[in-house]
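Peer 1: As input, take structure_17.cif (mmCIF, N, CA and C atoms):
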```
data_upload
#
loop_
_atom_site.label_atom_id
_atom_site.label_comp_id
_atom_site.auth_asym_id
_atom_site.auth_seq_id
_atom_site.Cartn_x
_atom_site.Cartn_y
_atom_site.Cartn_z
N MET E 158 56.88 54.98 38.51
CA MET E 158 57.11 54.00 37.47
C MET E 158 57.73 54.71 36.27
N ILE E 159 58.73 54.10 35.67
CA ILE E 159 59.41 54.68 34.52
C ILE E 159 58.65 54.28 33.27
N VAL E 160 58.32 55.24 32.44
CA VAL E 160 57.63 54.96 31.20
C VAL E 160 58.67 54.74 30.12
N MET E 161 58.64 53.57 29.49
CA MET E 161 59.61 53.25 28.46
C MET E 161 59.11 53.75 27.11
N ARG E 162 60.01 54.35 26.39
CA ARG E 162 59.70 54.79 25.04
C ARG E 162 60.38 53.81 24.10
N SER E 163 59.87 52.57 24.03
CA SER E 163 60.57 51.48 23.36
C SER E 163 60.74 51.72 21.86
N LEU E 164 59.91 52.50 21.26
CA LEU E 164 60.05 52.74 19.83
C LEU E 164 60.70 54.09 19.53
N ASP E 165 61.04 54.83 20.54
CA ASP E 165 61.63 56.15 20.37
C ASP E 165 63.14 56.03 20.21
N LYS E 166 63.64 56.34 19.03
CA LYS E 166 65.07 56.22 18.75
C LYS E 166 65.87 57.32 19.42
N THR E 167 65.20 58.31 20.00
CA THR E 167 65.92 59.43 20.61
C THR E 167 66.16 59.21 22.10
N MET E 168 65.80 58.04 22.62
CA MET E 168 66.05 57.77 24.03
C MET E 168 67.55 57.89 24.28
N THR E 169 67.89 58.63 25.31
CA THR E 169 69.32 58.80 25.63
C THR E 169 69.82 57.61 26.43
N CYS E 170 71.14 57.48 26.49
CA CYS E 170 71.73 56.42 27.31
C CYS E 170 71.32 56.59 28.77
N SER E 171 71.31 57.81 29.23
CA SER E 171 70.94 58.08 30.61
C SER E 171 69.50 57.64 30.89
N GLU E 172 68.60 57.96 30.00
CA GLU E 172 67.20 57.56 30.17
C GLU E 172 67.08 56.03 30.17
N PHE E 173 67.78 55.39 29.25
CA PHE E 173 67.72 53.94 29.17
C PHE E 173 68.29 53.31 30.44
N GLN E 174 69.43 53.81 30.88
CA GLN E 174 70.07 53.24 32.06
C GLN E 174 69.25 53.50 33.32
N ASP E 175 68.55 54.62 33.37
CA ASP E 175 67.65 54.88 34.51
C ASP E 175 66.51 53.86 34.54
N ALA E 176 66.10 53.38 33.36
CA ALA E 176 65.00 52.43 33.27
C ALA E 176 65.44 50.98 33.47
N LEU E 177 66.73 50.72 33.44
CA LEU E 177 67.22 49.35 33.52
C LEU E 177 66.76 48.57 34.75
N PRO E 178 66.82 49.13 35.95
CA PRO E 178 66.37 48.34 37.11
C PRO E 178 64.95 47.84 36.96
N GLU E 179 64.07 48.70 36.48
CA GLU E 179 62.67 48.29 36.30
C GLU E 179 62.56 47.23 35.20
N LEU E 180 63.33 47.39 34.15
CA LEU E 180 63.29 46.41 33.07
C LEU E 180 63.76 45.04 33.55
N PHE E 181 64.84 45.02 34.33
CA PHE E 181 65.34 43.75 34.84
C PHE E 181 64.35 43.13 35.83
N GLU E 182 63.74 43.94 36.68
CA GLU E 182 62.77 43.43 37.64
C GLU E 182 61.56 42.83 36.95
N SER E 183 61.15 43.44 35.85
CA SER E 183 59.98 42.94 35.12
C SER E 183 60.33 41.78 34.21
N GLN E 184 61.62 41.46 34.13
CA GLN E 184 62.13 40.39 33.28
C GLN E 184 61.73 40.60 31.83
N SER E 185 61.75 41.86 31.41
CA SER E 185 61.44 42.20 30.03
C SER E 185 62.51 41.65 29.11
N ASP E 186 62.13 41.35 27.88
CA ASP E 186 63.09 40.92 26.88
C ASP E 186 63.71 42.18 26.29
N LEU E 187 64.95 42.42 26.65
CA LEU E 187 65.60 43.65 26.23
C LEU E 187 66.19 43.56 24.83
N ALA E 188 66.31 42.37 24.29
CA ALA E 188 66.97 42.18 23.00
C ALA E 188 66.34 43.03 21.89
N GLY E 189 65.05 43.21 21.95
CA GLY E 189 64.38 43.96 20.89
C GLY E 189 64.23 45.44 21.17
N HIS E 190 64.78 45.90 22.25
CA HIS E 190 64.62 47.32 22.61
C HIS E 190 65.34 48.19 21.57
N GLU E 191 64.65 49.19 21.09
CA GLU E 191 65.17 50.04 20.01
C GLU E 191 66.49 50.72 20.39
N HIS E 192 66.62 51.16 21.62
CA HIS E 192 67.85 51.85 22.02
C HIS E 192 69.05 50.92 21.89
N LEU E 193 68.87 49.66 22.23
CA LEU E 193 69.98 48.71 22.15
C LEU E 193 70.39 48.41 20.72
N LYS E 194 69.45 48.56 19.81
CA LYS E 194 69.78 48.35 18.39
C LYS E 194 70.70 49.45 17.87
N ASN E 195 70.64 50.62 18.52
CA ASN E 195 71.37 51.78 18.05
C ASN E 195 72.54 52.19 18.94
N CYS E 196 72.70 51.54 20.10
CA CYS E 196 73.73 51.97 21.05
C CYS E 196 74.53 50.76 21.53
N GLU E 197 75.73 50.62 21.02
CA GLU E 197 76.57 49.48 21.39
C GLU E 197 76.99 49.55 22.86
N ASN E 198 77.19 50.75 23.40
CA ASN E 198 77.57 50.87 24.82
C ASN E 198 76.50 50.30 25.74
N CYS E 199 75.27 50.67 25.52
CA CYS E 199 74.18 50.17 26.37
C CYS E 199 73.94 48.69 26.09
N ALA E 200 74.09 48.26 24.85
CA ALA E 200 73.92 46.84 24.53
C ALA E 200 74.97 46.01 25.26
N ALA E 201 76.21 46.50 25.31
CA ALA E 201 77.27 45.80 26.04
C ALA E 201 76.98 45.79 27.53
N LEU E 202 76.47 46.90 28.05
CA LEU E 202 76.11 46.97 29.47
C LEU E 202 75.04 45.93 29.81
N VAL E 203 74.02 45.83 28.98
CA VAL E 203 72.95 44.86 29.22
C VAL E 203 73.49 43.44 29.14
N ARG E 204 74.35 43.16 28.17
CA ARG E 204 74.94 41.82 28.08
C ARG E 204 75.72 41.50 29.36
N ASP E 205 76.51 42.46 29.82
CA ASP E 205 77.28 42.26 31.05
C ASP E 205 76.37 42.02 32.25
N LEU E 206 75.33 42.82 32.38
CA LEU E 206 74.42 42.68 33.51
C LEU E 206 73.67 41.34 33.46
N GLU E 207 73.27 40.92 32.24
CA GLU E 207 72.60 39.63 32.11
C GLU E 207 73.55 38.49 32.48
N TYR E 208 74.81 38.61 32.10
CA TYR E 208 75.79 37.58 32.46
C TYR E 208 75.99 37.54 33.97
N ILE E 209 76.14 38.71 34.58
CA ILE E 209 76.32 38.77 36.04
C ILE E 209 75.10 38.16 36.75
N ALA E 210 73.91 38.49 36.28
CA ALA E 210 72.69 37.95 36.90
C ALA E 210 72.64 36.43 36.76
N SER E 211 73.02 35.92 35.59
CA SER E 211 72.99 34.46 35.41
C SER E 211 74.02 33.77 36.29
N GLN E 212 75.18 34.38 36.46
CA GLN E 212 76.21 33.79 37.33
C GLN E 212 75.79 33.89 38.79
N ALA E 213 75.12 34.96 39.17
CA ALA E 213 74.67 35.12 40.55
C ALA E 213 73.64 34.06 40.91
N ARG E 214 72.79 33.68 39.94
CA ARG E 214 71.81 32.63 40.21
C ARG E 214 72.50 31.31 40.55
N LEU E 215 73.68 31.08 40.01
CA LEU E 215 74.42 29.85 40.29
C LEU E 215 74.93 29.81 41.73
N LEU E 216 75.04 30.99 42.35
CA LEU E 216 75.55 31.07 43.71
C LEU E 216 74.49 30.81 44.76
N LEU E 217 73.25 30.79 44.34
CA LEU E 217 72.16 30.58 45.30
C LEU E 217 72.32 29.21 45.95
N PRO E 218 72.08 29.13 47.23
CA PRO E 218 72.21 27.83 47.91
C PRO E 218 71.16 26.85 47.41
N ILE E 219 71.55 25.60 47.36
CA ILE E 219 70.61 24.57 46.94
C ILE E 219 69.56 24.38 48.02
N GLN E 220 69.98 24.50 49.28
CA GLN E 220 69.05 24.38 50.41
C GLN E 220 69.24 25.59 51.32
N ASP E 221 68.15 26.02 51.89
CA ASP E 221 68.24 27.09 52.88
C ASP E 221 68.84 26.51 54.16
N PRO E 222 69.60 27.31 54.87
CA PRO E 222 70.13 26.82 56.15
C PRO E 222 68.99 26.57 57.13
N SER E 223 69.26 25.73 58.11
CA SER E 223 68.22 25.41 59.09
C SER E 223 67.92 26.65 59.94
N PRO E 224 66.75 26.68 60.55
CA PRO E 224 66.40 27.81 61.42
C PRO E 224 67.40 27.99 62.56
N ALA E 225 68.06 26.91 62.98
CA ALA E 225 69.05 27.01 64.06
C ALA E 225 70.20 27.93 63.67
N VAL E 226 70.57 27.92 62.41
CA VAL E 226 71.66 28.80 61.95
C VAL E 226 71.27 30.25 62.17
N TRP E 227 70.05 30.61 61.75
CA TRP E 227 69.61 31.99 61.92
C TRP E 227 69.49 32.35 63.40
N ASP E 228 69.05 31.39 64.23
CA ASP E 228 68.96 31.64 65.67
C ASP E 228 70.34 31.94 66.24
N HIS E 229 71.35 31.18 65.84
CA HIS E 229 72.72 31.39 66.33
C HIS E 229 73.25 32.76 65.89
N ILE E 230 72.93 33.15 64.67
CA ILE E 230 73.37 34.46 64.18
C ILE E 230 72.73 35.57 65.01
N GLN E 231 71.43 35.44 65.27
CA GLN E 231 70.73 36.45 66.06
C GLN E 231 71.29 36.52 67.48
N GLN E 232 71.59 35.37 68.07
CA GLN E 232 72.17 35.35 69.42
C GLN E 232 73.53 36.03 69.43
N ALA E 233 74.35 35.76 68.44
CA ALA E 233 75.68 36.36 68.37
C ALA E 233 75.58 37.87 68.23
N ILE E 234 74.63 38.33 67.46
CA ILE E 234 74.47 39.78 67.27
C ILE E 234 74.03 40.42 68.58
N ARG E 235 73.10 39.77 69.30
CA ARG E 235 72.62 40.32 70.57
C ARG E 235 73.73 40.37 71.62
N GLN E 236 74.62 39.38 71.57
CA GLN E 236 75.68 39.31 72.58
C GLN E 236 76.80 40.32 72.33
N GLU E 237 76.95 40.71 71.09
CA GLU E 237 78.02 41.68 70.80
C GLU E 237 77.64 43.04 71.37
N LYS E 238 78.58 43.63 72.05
CA LYS E 238 78.35 44.98 72.58
C LYS E 238 79.35 45.89 71.90
N PRO E 239 78.89 47.02 71.39
CA PRO E 239 79.82 47.92 70.72
C PRO E 239 80.83 48.48 71.73
N GLU E 240 82.06 48.59 71.30
CA GLU E 240 83.10 49.15 72.16
C GLU E 240 82.93 50.67 72.20
N PRO E 241 83.19 51.27 73.39
CA PRO E 241 83.06 52.72 73.46
C PRO E 241 84.13 53.36 72.60
N PRO E 242 83.85 54.53 72.05
CA PRO E 242 84.84 55.19 71.21
C PRO E 242 86.09 55.56 72.01
N ALA E 243 87.21 55.50 71.35
CA ALA E 243 88.48 55.86 72.00
C ALA E 243 88.48 57.36 72.28
N PRO E 244 89.08 57.77 73.41
CA PRO E 244 89.13 59.21 73.69
C PRO E 244 89.96 59.92 72.63
N ALA E 245 89.56 61.12 72.32
CA ALA E 245 90.29 61.90 71.32
C ALA E 245 91.63 62.34 71.88
N ALA E 246 92.62 62.30 71.05
CA ALA E 246 93.98 62.72 71.48
C ALA E 246 94.01 64.23 71.61
N ARG E 247 94.65 64.69 72.69
CA ARG E 247 94.75 66.15 72.91
C ARG E 247 95.99 66.66 72.24
N LYS E 248 95.91 67.85 71.75
CA LYS E 248 97.05 68.48 71.08
C LYS E 248 97.76 69.41 71.99
#
```
Translate this file's structure into structure tokens.

Peer 2:
Amino acid sequence: MIVMRSLDKTMTCSEFQDALPELFESQSDLAGHEHLKNCENCAALVRDLEYIASQARLLLPIQDPSPAVWDHIQQAIRQEKPEPPAPAARK
């Protein structure tokens, strides 16, 4: 687990960016994070990531596909046989 130093103004960009996945997973409010108050690059990165996440939520299907769809996908995967590798060309 990454320990956040939310009040530490000396947090580096690298340290903050390493902590980002955990922060996003925990749905923390990043707006008040001290590093973002002092670092426009990381603040812009967080804005971009929040925008991407909000747009990705719009892509989620309204309904899950029926179980038959997944069954057909599994059948197709089982039926596919990998082609043997082509023989190497001799020099």

Peer 1: Write out as a CSV table (one decimal) with N, CA and C atoms, in the frame of the given file the set of residues from range 178-237 of chain E that DSSP, computed on the backbone, places in alpha helix (DSSP H).

Peer 2:
```csv
chain,number,residue,atom,x,y,z
E,178,PRO,N,66.8,49.1,36.0
E,178,PRO,CA,66.4,48.3,37.1
E,178,PRO,C,65.0,47.8,37.0
E,179,GLU,N,64.1,48.7,36.5
E,179,GLU,CA,62.7,48.3,36.3
E,179,GLU,C,62.6,47.2,35.2
E,180,LEU,N,63.3,47.4,34.2
E,180,LEU,CA,63.3,46.4,33.1
E,180,LEU,C,63.8,45.0,33.6
E,181,PHE,N,64.8,45.0,34.3
E,181,PHE,CA,65.3,43.8,34.8
E,181,PHE,C,64.4,43.1,35.8
E,182,GLU,N,63.7,43.9,36.7
E,182,GLU,CA,62.8,43.4,37.6
E,182,GLU,C,61.6,42.8,37.0
E,191,GLU,N,64.6,49.2,21.1
E,191,GLU,CA,65.2,50.0,20.0
E,191,GLU,C,66.5,50.7,20.4
E,192,HIS,N,66.6,51.2,21.6
E,192,HIS,CA,67.8,51.8,22.0
E,192,HIS,C,69.0,50.9,21.9
E,193,LEU,N,68.9,49.7,22.2
E,193,LEU,CA,70.0,48.7,22.2
E,193,LEU,C,70.4,48.4,20.7
E,194,LYS,N,69.4,48.6,19.8
E,194,LYS,CA,69.8,48.4,18.4
E,194,LYS,C,70.7,49.4,17.9
E,195,ASN,N,70.6,50.6,18.5
E,195,ASN,CA,71.4,51.8,18.0
E,195,ASN,C,72.5,52.2,18.9
E,197,GLU,N,75.7,50.6,21.0
E,197,GLU,CA,76.6,49.5,21.4
E,197,GLU,C,77.0,49.6,22.9
E,198,ASN,N,77.2,50.8,23.4
E,198,ASN,CA,77.6,50.9,24.8
E,198,ASN,C,76.5,50.3,25.7
E,199,CYS,N,75.3,50.7,25.5
E,199,CYS,CA,74.2,50.2,26.4
E,199,CYS,C,73.9,48.7,26.1
E,200,ALA,N,74.1,48.3,24.8
E,200,ALA,CA,73.9,46.8,24.5
E,200,ALA,C,75.0,46.0,25.3
E,201,ALA,N,76.2,46.5,25.3
E,201,ALA,CA,77.3,45.8,26.0
E,201,ALA,C,77.0,45.8,27.5
E,202,LEU,N,76.5,46.9,28.0
E,202,LEU,CA,76.1,47.0,29.5
E,202,LEU,C,75.0,45.9,29.8
E,203,VAL,N,74.0,45.8,29.0
E,203,VAL,CA,73.0,44.9,29.2
E,203,VAL,C,73.5,43.4,29.1
E,204,ARG,N,74.4,43.2,28.2
E,204,ARG,CA,74.9,41.8,28.1
E,204,ARG,C,75.7,41.5,29.4
E,205,ASP,N,76.5,42.5,29.8
E,205,ASP,CA,77.3,42.3,31.0
E,205,ASP,C,76.4,42.0,32.2
E,206,LEU,N,75.3,42.8,32.4
E,206,LEU,CA,74.4,42.7,33.5
E,206,LEU,C,73.7,41.3,33.5
E,207,GLU,N,73.3,40.9,32.2
E,207,GLU,CA,72.6,39.6,32.1
E,207,GLU,C,73.6,38.5,32.5
E,208,TYR,N,74.8,38.6,32.1
E,208,TYR,CA,75.8,37.6,32.5
E,208,TYR,C,76.0,37.5,34.0
E,209,ILE,N,76.1,38.7,34.6
E,209,ILE,CA,76.3,38.8,36.0
E,209,ILE,C,75.1,38.2,36.8
E,210,ALA,N,73.9,38.5,36.3
E,210,ALA,CA,72.7,38.0,36.9
E,210,ALA,C,72.6,36.4,36.8
E,211,SER,N,73.0,35.9,35.6
E,211,SER,CA,73.0,34.5,35.4
E,211,SER,C,74.0,33.8,36.3
E,212,GLN,N,75.2,34.4,36.5
E,212,GLN,CA,76.2,33.8,37.3
E,212,GLN,C,75.8,33.9,38.8
E,213,ALA,N,75.1,35.0,39.2
E,213,ALA,CA,74.7,35.1,40.6
E,213,ALA,C,73.6,34.1,40.9
E,214,ARG,N,72.8,33.7,39.9
E,214,ARG,CA,71.8,32.6,40.2
E,214,ARG,C,72.5,31.3,40.6
E,215,LEU,N,73.7,31.1,40.0
E,215,LEU,CA,74.4,29.8,40.3
E,215,LEU,C,74.9,29.8,41.7
E,224,PRO,N,66.8,26.7,60.6
E,224,PRO,CA,66.4,27.8,61.4
E,224,PRO,C,67.4,28.0,62.6
E,225,ALA,N,68.1,26.9,63.0
E,225,ALA,CA,69.0,27.0,64.1
E,225,ALA,C,70.2,27.9,63.7
E,226,VAL,N,70.6,27.9,62.4
E,226,VAL,CA,71.7,28.8,62.0
E,226,VAL,C,71.3,30.2,62.2
E,227,TRP,N,70.0,30.6,61.8
E,227,TRP,CA,69.6,32.0,61.9
E,227,TRP,C,69.5,32.4,63.4
E,228,ASP,N,69.0,31.4,64.2
E,228,ASP,CA,69.0,31.6,65.7
E,228,ASP,C,70.3,31.9,66.2
E,229,HIS,N,71.4,31.2,65.8
E,229,HIS,CA,72.7,31.4,66.3
E,229,HIS,C,73.2,32.8,65.9
E,230,ILE,N,72.9,33.2,64.7
E,230,ILE,CA,73.4,34.5,64.2
E,230,ILE,C,72.7,35.6,65.0
E,231,GLN,N,71.4,35.4,65.3
E,231,GLN,CA,70.7,36.4,66.1
E,231,GLN,C,71.3,36.5,67.5
E,232,GLN,N,71.6,35.4,68.1
E,232,GLN,CA,72.2,35.4,69.4
E,232,GLN,C,73.5,36.0,69.4
E,233,ALA,N,74.4,35.8,68.4
E,233,ALA,CA,75.7,36.4,68.4
E,233,ALA,C,75.6,37.9,68.2
E,234,ILE,N,74.6,38.3,67.5
E,234,ILE,CA,74.5,39.8,67.3
E,234,ILE,C,74.0,40.4,68.6
E,235,ARG,N,73.1,39.8,69.3
E,235,ARG,CA,72.6,40.3,70.6
E,235,ARG,C,73.7,40.4,71.6
E,236,GLN,N,74.6,39.4,71.6
E,236,GLN,CA,75.7,39.3,72.6
E,236,GLN,C,76.8,40.3,72.3
```

Peer 1: Report the distance between CA of Leu215 in chain E and CA of Ser183 in chain E in Å, rounded to one decimal place.

Peer 2: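 CA of Ser183 in chain E lies 20.2 Å from CA of Leu215 in chain E.
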
Peer 1: Which residue is closest to Ala200 in chain E? Choose from E:Ala243, E:Arg235, E:Leu177, E:Asp228 and count only C-alpha atoms.

Peer 2: E:Leu177
